[in-house]
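Everything below belongs to protein-v2.cif, which stores mmCIF, C-alpha atoms and all ligand atoms.
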```cif
data_model
loop_
_atom_site.group_PDB
_atom_site.id
_atom_site.type_symbol
_atom_site.label_atom_id
_atom_site.label_comp_id
_atom_site.auth_asym_id
_atom_site.auth_seq_id
_atom_site.Cartn_x
_atom_site.Cartn_y
_atom_site.Cartn_z
ATOM 1 C CA MET M 1 62.489 -50.688 7.043
ATOM 2 C CA ASP M 2 59.640 -50.864 9.565
ATOM 3 C CA LYS M 3 58.096 -54.183 8.400
ATOM 4 C CA LYS M 4 60.673 -56.525 9.874
ATOM 5 C CA GLU M 5 58.841 -59.640 8.588
ATOM 6 C CA ILE M 6 60.458 -59.049 5.174
ATOM 7 C CA ILE M 7 64.043 -59.262 6.470
ATOM 8 C CA ASP M 8 64.237 -63.094 6.370
ATOM 9 C CA TYR M 9 63.042 -63.088 2.766
ATOM 10 C CA LEU M 10 65.496 -60.389 1.760
ATOM 11 C CA LYS M 11 68.342 -62.349 3.366
ATOM 12 C CA SER M 12 67.366 -65.473 1.379
ATOM 13 C CA VAL M 13 67.727 -63.785 -2.012
ATOM 14 C CA PRO M 14 71.010 -64.624 -3.781
ATOM 15 C CA ALA M 15 73.555 -61.977 -4.703
ATOM 16 C CA ASP M 16 73.564 -62.943 -8.393
ATOM 17 C CA SER M 17 70.257 -61.669 -9.703
ATOM 18 C CA HIS M 18 70.483 -63.688 -12.925
ATOM 19 C CA GLU M 19 70.451 -66.995 -11.018
ATOM 20 C CA ARG M 20 67.180 -66.514 -9.185
ATOM 21 C CA PRO M 21 64.893 -63.527 -9.632
ATOM 22 C CA ARG M 22 64.663 -60.903 -6.943
ATOM 23 C CA ARG M 23 60.914 -60.429 -6.753
ATOM 24 C CA VAL M 24 61.190 -57.743 -4.096
ATOM 25 C CA LEU M 25 63.726 -54.935 -4.055
ATOM 26 C CA ARG M 26 64.537 -52.495 -1.283
ATOM 27 C CA PRO M 27 65.972 -49.038 -1.954
ATOM 28 C CA ALA M 28 69.506 -49.289 -3.340
ATOM 29 C CA ASN M 29 70.560 -46.238 -1.318
ATOM 30 C CA TYR M 30 69.813 -47.779 2.107
ATOM 31 C CA ALA M 31 72.845 -48.370 4.337
ATOM 32 C CA PRO M 32 75.164 -50.932 2.673
ATOM 33 C CA ASP M 33 74.643 -53.625 5.348
ATOM 34 C CA THR M 34 70.815 -53.604 5.001
ATOM 35 C CA PRO M 35 69.477 -57.039 3.891
ATOM 36 C CA GLY M 36 68.389 -57.345 0.280
ATOM 37 C CA TYR M 37 69.261 -55.636 -2.979
ATOM 38 C CA GLY M 38 68.220 -52.483 -4.740
ATOM 39 C CA VAL M 39 68.789 -53.643 -8.311
ATOM 40 C CA TYR M 40 67.463 -56.503 -10.423
ATOM 41 C CA GLN M 41 69.042 -57.386 -13.758
ATOM 42 C CA GLY M 42 67.191 -59.867 -15.925
ATOM 43 C CA THR M 43 66.631 -61.048 -19.469
ATOM 44 C CA LEU M 44 63.303 -61.314 -21.279
ATOM 45 C CA PRO M 45 62.449 -64.560 -23.171
ATOM 46 C CA SER M 46 63.374 -62.620 -26.329
ATOM 47 C CA GLY M 47 66.907 -62.190 -24.965
ATOM 48 C CA LEU M 48 66.505 -58.477 -24.236
ATOM 49 C CA ALA M 49 68.416 -57.448 -21.102
ATOM 50 C CA TYR M 50 66.758 -55.111 -18.628
ATOM 51 C CA ALA M 51 67.345 -53.699 -15.185
ATOM 52 C CA VAL M 52 65.129 -52.376 -12.409
ATOM 53 C CA ILE M 53 66.531 -49.962 -9.816
ATOM 54 C CA ASP M 54 64.775 -48.961 -6.615
ATOM 55 C CA LEU M 55 65.801 -45.709 -4.917
ATOM 56 C CA GLN M 56 64.321 -43.778 -2.015
ATOM 57 C CA GLY M 57 64.140 -40.016 -1.670
ATOM 58 C CA ARG M 58 65.353 -37.961 1.264
ATOM 59 C CA VAL M 59 62.961 -34.997 1.409
ATOM 60 C CA PHE M 60 60.486 -35.616 4.306
ATOM 61 C CA MET M 61 61.886 -39.162 4.505
ATOM 62 C CA ALA M 62 64.703 -41.146 6.118
ATOM 63 C CA ASN M 63 68.178 -39.793 5.611
ATOM 64 C CA ASN M 64 69.457 -42.357 3.112
ATOM 65 C CA GLU M 65 72.518 -42.073 0.926
ATOM 66 C CA ASP M 66 72.099 -39.393 -1.763
ATOM 67 C CA PRO M 67 69.817 -41.103 -4.338
ATOM 68 C CA PHE M 68 71.276 -39.073 -7.228
ATOM 69 C CA ARG M 69 74.853 -40.197 -6.560
ATOM 70 C CA ALA M 70 73.580 -43.740 -5.913
ATOM 71 C CA ALA M 71 71.912 -43.716 -9.347
ATOM 72 C CA ASP M 72 75.192 -42.605 -10.975
ATOM 73 C CA ARG M 73 77.088 -45.405 -9.241
ATOM 74 C CA LEU M 74 74.561 -48.087 -10.237
ATOM 75 C CA LEU M 75 74.237 -46.965 -13.839
ATOM 76 C CA ALA M 76 78.007 -47.249 -14.283
ATOM 77 C CA GLN M 77 77.661 -51.020 -13.644
ATOM 78 C CA ILE M 78 74.542 -51.773 -15.713
ATOM 79 C CA THR M 79 74.939 -52.787 -19.362
ATOM 80 C CA ALA M 80 71.209 -53.275 -20.199
ATOM 81 C CA LYS M 81 69.625 -50.514 -22.277
ATOM 82 C CA ILE M 82 66.147 -50.960 -20.818
ATOM 83 C CA ILE M 83 66.378 -49.548 -17.287
ATOM 84 C CA VAL M 84 63.385 -48.729 -15.095
ATOM 85 C CA VAL M 85 63.885 -46.654 -11.938
ATOM 86 C CA ASP M 86 61.289 -46.802 -9.173
ATOM 87 C CA PHE M 87 61.835 -43.645 -7.154
ATOM 88 C CA HIS M 88 60.065 -43.990 -3.819
ATOM 89 C CA ALA M 89 59.773 -40.437 -2.532
ATOM 90 C CA GLU M 90 57.415 -38.019 -0.817
ATOM 91 C CA ALA M 91 58.180 -34.678 -2.446
ATOM 92 C CA THR M 92 57.042 -34.120 -6.021
ATOM 93 C CA SER M 93 59.995 -31.758 -6.525
ATOM 94 C CA GLU M 94 62.531 -34.430 -5.615
ATOM 95 C CA LYS M 95 60.876 -36.943 -7.950
ATOM 96 C CA CYS M 96 60.770 -34.374 -10.764
ATOM 97 C CA ALA M 97 64.444 -33.582 -10.163
ATOM 98 C CA MET M 98 65.323 -37.277 -10.453
ATOM 99 C CA GLY M 99 63.418 -37.521 -13.744
ATOM 100 C CA TRP M 100 65.439 -34.716 -15.280
ATOM 101 C CA TYR M 101 68.692 -35.898 -13.660
ATOM 102 C CA LEU M 102 68.368 -39.303 -15.337
ATOM 103 C CA ASP M 103 66.761 -38.065 -18.574
ATOM 104 C CA GLY M 104 68.316 -39.906 -21.518
ATOM 105 C CA ARG M 105 70.208 -42.311 -19.232
ATOM 106 C CA VAL M 106 67.337 -44.635 -18.283
ATOM 107 C CA THR M 107 64.115 -45.795 -19.944
ATOM 108 C CA ALA M 108 61.830 -44.620 -17.157
ATOM 109 C CA VAL M 109 61.732 -42.840 -13.824
ATOM 110 C CA ILE M 110 58.477 -43.732 -12.093
ATOM 111 C CA GLY M 111 57.608 -42.213 -8.739
ATOM 112 C CA THR M 112 55.913 -44.194 -5.979
ATOM 113 C CA HIS M 113 54.833 -43.690 -2.347
ATOM 114 C CA THR M 114 51.954 -41.184 -2.368
ATOM 115 C CA HIS M 115 49.470 -43.855 -3.648
ATOM 116 C CA ILE M 116 47.707 -41.284 -5.870
ATOM 117 C CA PRO M 117 48.507 -41.374 -9.621
ATOM 118 C CA THR M 118 49.596 -38.041 -11.072
ATOM 119 C CA ALA M 119 48.530 -36.840 -14.548
ATOM 120 C CA ASP M 120 51.997 -35.695 -15.664
ATOM 121 C CA ASN M 121 53.175 -38.856 -17.474
ATOM 122 C CA ARG M 122 55.260 -37.980 -20.523
ATOM 123 C CA VAL M 123 58.542 -38.637 -22.289
ATOM 124 C CA LEU M 124 61.186 -36.092 -21.234
ATOM 125 C CA ASN M 125 63.386 -34.297 -23.793
ATOM 126 C CA ALA M 126 66.197 -36.863 -23.951
ATOM 127 C CA GLY M 127 63.954 -39.959 -23.987
ATOM 128 C CA THR M 128 63.113 -40.942 -20.419
ATOM 129 C CA ALA M 129 59.514 -41.808 -19.567
ATOM 130 C CA TYR M 130 58.441 -40.011 -16.419
ATOM 131 C CA GLN M 131 55.506 -39.929 -13.994
ATOM 132 C CA THR M 132 55.693 -38.227 -10.603
ATOM 133 C CA ASP M 133 53.619 -40.984 -8.981
ATOM 134 C CA VAL M 134 52.240 -44.120 -10.610
ATOM 135 C CA GLY M 135 49.657 -44.567 -7.870
ATOM 136 C CA MET M 136 48.517 -47.447 -5.734
ATOM 137 C CA SER M 137 47.564 -50.997 -6.566
ATOM 138 C CA GLY M 138 45.039 -51.870 -3.891
ATOM 139 C CA PRO M 139 41.568 -51.127 -2.515
ATOM 140 C CA TYR M 140 40.263 -47.760 -3.716
ATOM 141 C CA ASP M 141 37.336 -47.713 -1.277
ATOM 142 C CA SER M 142 39.842 -46.511 1.306
ATOM 143 C CA ILE M 143 42.256 -43.796 2.329
ATOM 144 C CA ILE M 144 45.406 -44.762 0.403
ATOM 145 C CA GLY M 145 44.655 -48.422 1.098
ATOM 146 C CA VAL M 146 43.683 -48.345 4.770
ATOM 147 C CA GLN M 147 40.288 -48.293 6.452
ATOM 148 C CA LYS M 148 38.491 -45.004 5.938
ATOM 149 C CA ARG M 149 37.794 -44.796 9.672
ATOM 150 C CA ALA M 150 41.505 -44.454 10.469
ATOM 151 C CA GLY M 151 42.068 -41.334 8.401
ATOM 152 C CA PRO M 152 39.399 -38.865 9.569
ATOM 153 C CA ARG M 153 39.793 -39.907 13.208
ATOM 154 C CA ALA M 154 43.570 -39.914 13.191
ATOM 155 C CA LEU M 155 44.165 -36.727 11.230
ATOM 156 C CA PRO M 156 42.046 -34.289 13.298
ATOM 157 C CA HIS M 157 43.045 -35.776 16.640
ATOM 158 C CA GLN M 158 46.758 -36.089 15.914
ATOM 159 C CA HIS M 159 47.159 -39.334 17.789
ATOM 160 C CA ALA M 160 48.046 -42.843 16.717
ATOM 161 C CA VAL M 161 45.210 -45.180 15.754
ATOM 162 C CA GLU M 162 45.272 -48.776 14.605
ATOM 163 C CA ILE M 163 45.599 -48.854 10.825
ATOM 164 C CA ARG M 164 44.034 -51.828 9.043
ATOM 165 C CA SER M 165 44.208 -52.670 5.376
ATOM 166 C CA ARG M 166 40.947 -52.096 3.581
ATOM 167 C CA LYS M 167 39.320 -54.664 1.245
ATOM 168 C CA GLY M 168 37.205 -54.179 -1.876
ATOM 169 C CA ASP M 169 37.191 -52.078 -5.045
ATOM 170 C CA PRO M 170 40.637 -53.347 -6.073
ATOM 171 C CA ARG M 171 42.445 -51.436 -8.793
ATOM 172 C CA MET M 172 45.901 -51.608 -10.265
ATOM 173 C CA ALA M 173 47.663 -48.404 -11.249
ATOM 174 C CA ALA M 174 50.399 -48.740 -13.870
ATOM 175 C CA LEU M 175 52.317 -46.894 -16.563
ATOM 176 C CA LEU M 176 52.518 -48.552 -19.982
ATOM 177 C CA ILE M 177 55.738 -47.520 -21.735
ATOM 178 C CA GLU M 178 56.724 -48.164 -25.323
ATOM 179 C CA ALA M 179 60.510 -48.121 -25.698
ATOM 180 C CA ASP M 180 63.203 -48.649 -28.320
ATOM 181 C CA PRO M 181 65.138 -51.841 -27.408
ATOM 182 C CA ILE M 182 68.308 -50.592 -29.124
ATOM 183 C CA THR M 183 68.606 -47.173 -27.479
ATOM 184 C CA GLY M 184 66.510 -47.895 -24.387
ATOM 185 C CA HIS M 185 64.715 -44.588 -24.906
ATOM 186 C CA ALA M 186 60.992 -44.324 -24.270
ATOM 187 C CA LEU M 187 58.692 -43.515 -27.182
ATOM 188 C CA SER M 188 55.337 -43.102 -25.450
ATOM 189 C CA THR M 189 53.572 -43.491 -22.127
ATOM 190 C CA GLU M 190 50.024 -44.376 -21.182
ATOM 191 C CA ARG M 191 48.500 -44.223 -17.711
ATOM 192 C CA LEU M 192 46.482 -47.282 -16.738
ATOM 193 C CA LEU M 193 44.042 -47.803 -13.887
ATOM 194 C CA LEU M 194 42.870 -51.380 -14.268
ATOM 195 C CA GLY M 195 39.679 -52.463 -12.529
ATOM 196 C CA GLU M 196 37.817 -49.161 -12.921
HETATM 197 FE FE FE G 1 55.993 -45.531 0.810
#
```
Reformat the file's structure so that it appears as structure tokens.
Amino acid sequence: MDKKEIIDYLKSVPADSHERPRRVLRPANYAPDTPGYGVYQGTLPSGLAYAVIDLQGRVFMANNEDPFRAADRLLAQITAKIIVVDFHAEATSEKCAMGWYLDGRVTAVIGTHTHIPTADNRVLNAGTAYQTDVGMSGPYDSIIGVQKRAGPRALPHQHAVEIRSRKGDPRMAALLIEADPITGHALSTERLLLGE
């Protein structure tokens, strides 16, 4: 967690997710004493229960707890059928492995982190919607959200430069999933890039 400004917020969120929504999750497989929570369980106005799990990969990333075992542990405690997993990971292979590992056990495994949406959205064999990376919501006139100047100068010279958020050309990348509320299985997926 390198943006320490979020720690106070994460500490203020109650343990019982049904009482007050957790608007921001951190990876559930961080060290156990890290502030915040990696799971949100809620109920839609229709009464349908759902859960959102956030996990972080380990390939080319911090050495967190094994995200596969963490997913097993969390799923054993969740009763909702509609379960969405945000898998924040660098390597496409690790994200793909998580999709197949959880196939049929969750509604969706959606990759995040690379900021670039991948074209491989589909429903896996046992009913889990999958996309290696859903992409970024932010300014597209940029290098993955930061000022274009930072990228070309930083990458060839291999030294740190100040990175500033870019403004303009905002777009929102998303995956629209149709799912069966009884089984929790996905029926279809559609890639969205709003603001094009
Ligand atoms: Fe990231």
>> What would the selection look like, as a list in words, if the PyMOL selection byres (((not hetatm)) within 8 of (chain G and resi 1)) were run on the coordinates I just shared?
In response: His88, Ala89, Glu90, Thr112, His113 and Thr114 of chain M
Evaluating the PyMOL selection byres (((chain M and resi 181) around 8) and not hetatm) on the displayed file yields which residues, as a short mmCIF file (atom, residue, chain, number, x, y, z; two decimals) with C-alpha atoms, keeping the file's coordinate frame?
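For reference, expr32.cif as written:
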```
data_model
loop_
_atom_site.label_atom_id
_atom_site.label_comp_id
_atom_site.auth_asym_id
_atom_site.auth_seq_id
_atom_site.Cartn_x
_atom_site.Cartn_y
_atom_site.Cartn_z
CA LEU M 48 66.50 -58.48 -24.24
CA LYS M 81 69.62 -50.51 -22.28
CA ILE M 82 66.15 -50.96 -20.82
CA ALA M 179 60.51 -48.12 -25.70
CA ASP M 180 63.20 -48.65 -28.32
CA ILE M 182 68.31 -50.59 -29.12
CA THR M 183 68.61 -47.17 -27.48
CA GLY M 184 66.51 -47.90 -24.39
CA HIS M 185 64.72 -44.59 -24.91
#
```
> Mind telling me what the PyMOL selection byres (((chain M and resi 97) around 12) and not hetatm) catches here, as a PyMOL selection string?
Replying inline: chain M and resi 57+59+67-68+87+89+91-96+98-103+109-111+124+130-132
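Counting from CA of Ala119 in chain M, the distance to CA of Ser142 in chain M is 20.5 Å.
If you look at CA of Val13 in chain M and CA of Gly36 in chain M, they are 6.9 Å away from each other.
You can rank M:Val84, M:Gly145, M:Tyr30, M:Thr43 by their closest distance to Asp66 in chain M using all atoms listed in the file, and at the top of that list sits M:Tyr30.
In this model, the gap between CA of Pro32 in chain M and CA of Thr128 in chain M comes to 27.9 Å.
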> So which residues are close to (41.3, -51.1, 1.5), meaning at most 9 Å away in the file's coordinates with all atoms listed in the file counted, and can you show them as a ChimeraX atom specification?
Replying inline: /M:138-148,164-170
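For the point (62.2, -60.2, -1.2), the residues with at least one atom inside 7 Å, counting all atoms listed in the file, are Ile6, Tyr9, Leu10, Val13, Arg22, Arg23, Val24, Leu25 and Gly36 of chain M.
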>> Could you list, as number ranges by chain, every residue within 10 Å of Leu74 in chain M, counting all atoms listed in the file and ignoring same-chain residues fewer than 4 positions away?
In response: M: 28-29, 38-39, 53, 69-70, 78
Any chance you could export the current selection's C-alpha atoms as a compact mmCIF listing (two decimals), in the frame of the given file?
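This is the output file result-v1.txt:
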```
# COMPACT_ATOMS: atom_id res chain seq x y z
CA ALA M 28 69.51 -49.29 -3.34
CA ASN M 29 70.56 -46.24 -1.32
CA GLY M 38 68.22 -52.48 -4.74
CA VAL M 39 68.79 -53.64 -8.31
CA ILE M 53 66.53 -49.96 -9.82
CA ARG M 69 74.85 -40.20 -6.56
CA ALA M 70 73.58 -43.74 -5.91
CA ILE M 78 74.54 -51.77 -15.71
```
>> Need to verify the contact set: Ala173 in chain M, 8 Å, all atoms listed in the file, exclusion of same-chain residues closer than 6 positions in sequence. Can you return it as a PyMOL selection string?
In response: chain M and resi 117+134-137+191-194
> For Asn121 in chain M, which residue out of M:Ala76, M:Ile83, M:Val106, M:Ile177 is the nearest one, using only C-alpha atoms?
Replying inline: M:Ile177
I need range 64-91 of chain M written out with N, CA and C atoms, as a compact mmCIF listing (two decimals), in the first residue's frame; please produce it.
```
# COMPACT_ATOMS: atom_id res chain seq x y z
N ASN M 64 2.36 -11.32 -1.55
CA ASN M 64 1.21 -11.47 -0.67
C ASN M 64 0.97 -12.94 -0.36
N GLU M 65 -0.02 -13.17 0.49
CA GLU M 65 -0.49 -14.54 0.71
C GLU M 65 -0.96 -15.12 -0.64
N ASP M 66 -0.83 -16.40 -0.81
CA ASP M 66 -1.27 -17.08 -2.03
C ASP M 66 -2.73 -16.70 -2.35
N PRO M 67 -2.98 -16.01 -3.47
CA PRO M 67 -4.35 -15.56 -3.76
C PRO M 67 -5.32 -16.71 -4.06
N PHE M 68 -4.80 -17.84 -4.50
CA PHE M 68 -5.67 -18.99 -4.80
C PHE M 68 -6.21 -19.59 -3.51
N ARG M 69 -5.31 -19.80 -2.55
CA ARG M 69 -5.75 -20.33 -1.24
C ARG M 69 -6.63 -19.32 -0.53
N ALA M 70 -6.31 -18.02 -0.67
CA ALA M 70 -7.14 -16.98 -0.05
C ALA M 70 -8.55 -17.01 -0.63
N ALA M 71 -8.66 -17.23 -1.93
CA ALA M 71 -9.99 -17.31 -2.56
C ALA M 71 -10.76 -18.50 -2.00
N ASP M 72 -10.10 -19.65 -1.84
CA ASP M 72 -10.77 -20.83 -1.27
C ASP M 72 -11.32 -20.51 0.12
N ARG M 73 -10.47 -19.87 0.93
CA ARG M 73 -10.86 -19.57 2.31
C ARG M 73 -12.06 -18.62 2.35
N LEU M 74 -12.05 -17.61 1.50
CA LEU M 74 -13.14 -16.62 1.50
C LEU M 74 -14.43 -17.23 0.98
N LEU M 75 -14.33 -18.03 -0.06
CA LEU M 75 -15.54 -18.60 -0.66
C LEU M 75 -16.24 -19.55 0.31
N ALA M 76 -15.49 -20.16 1.21
CA ALA M 76 -16.09 -21.06 2.19
C ALA M 76 -17.01 -20.31 3.15
N GLN M 77 -16.82 -18.97 3.25
CA GLN M 77 -17.62 -18.17 4.21
C GLN M 77 -18.73 -17.39 3.54
N ILE M 78 -18.77 -17.35 2.23
CA ILE M 78 -19.74 -16.50 1.51
C ILE M 78 -20.94 -17.35 1.08
N THR M 79 -22.15 -16.87 1.41
CA THR M 79 -23.35 -17.61 1.04
C THR M 79 -24.01 -17.06 -0.23
N ALA M 80 -23.70 -15.81 -0.61
CA ALA M 80 -24.29 -15.21 -1.82
C ALA M 80 -23.91 -16.04 -3.04
N LYS M 81 -24.81 -16.09 -4.02
CA LYS M 81 -24.51 -16.79 -5.27
C LYS M 81 -23.79 -15.88 -6.26
N ILE M 82 -24.16 -14.59 -6.22
CA ILE M 82 -23.51 -13.64 -7.14
C ILE M 82 -22.22 -13.15 -6.48
N ILE M 83 -21.09 -13.58 -7.03
CA ILE M 83 -19.78 -13.24 -6.45
C ILE M 83 -18.88 -12.72 -7.57
N VAL M 84 -18.38 -11.51 -7.39
CA VAL M 84 -17.48 -10.91 -8.38
C VAL M 84 -16.09 -10.81 -7.76
N VAL M 85 -15.09 -11.32 -8.46
CA VAL M 85 -13.70 -11.27 -7.99
C VAL M 85 -12.93 -10.28 -8.85
N ASP M 86 -12.38 -9.26 -8.21
CA ASP M 86 -11.45 -8.35 -8.87
C ASP M 86 -10.05 -8.88 -8.60
N PHE M 87 -9.38 -9.33 -9.65
CA PHE M 87 -8.04 -9.89 -9.45
C PHE M 87 -7.01 -8.90 -10.00
N HIS M 88 -6.35 -8.21 -9.07
CA HIS M 88 -5.42 -7.14 -9.40
C HIS M 88 -4.04 -7.76 -9.60
N ALA M 89 -3.64 -7.95 -10.85
CA ALA M 89 -2.40 -8.69 -11.09
C ALA M 89 -1.72 -8.22 -12.36
N GLU M 90 -0.43 -8.44 -12.42
CA GLU M 90 0.37 -7.99 -13.57
C GLU M 90 0.38 -9.01 -14.70
N ALA M 91 0.62 -10.26 -14.36
CA ALA M 91 0.83 -11.28 -15.39
C ALA M 91 -0.50 -11.82 -15.92
```
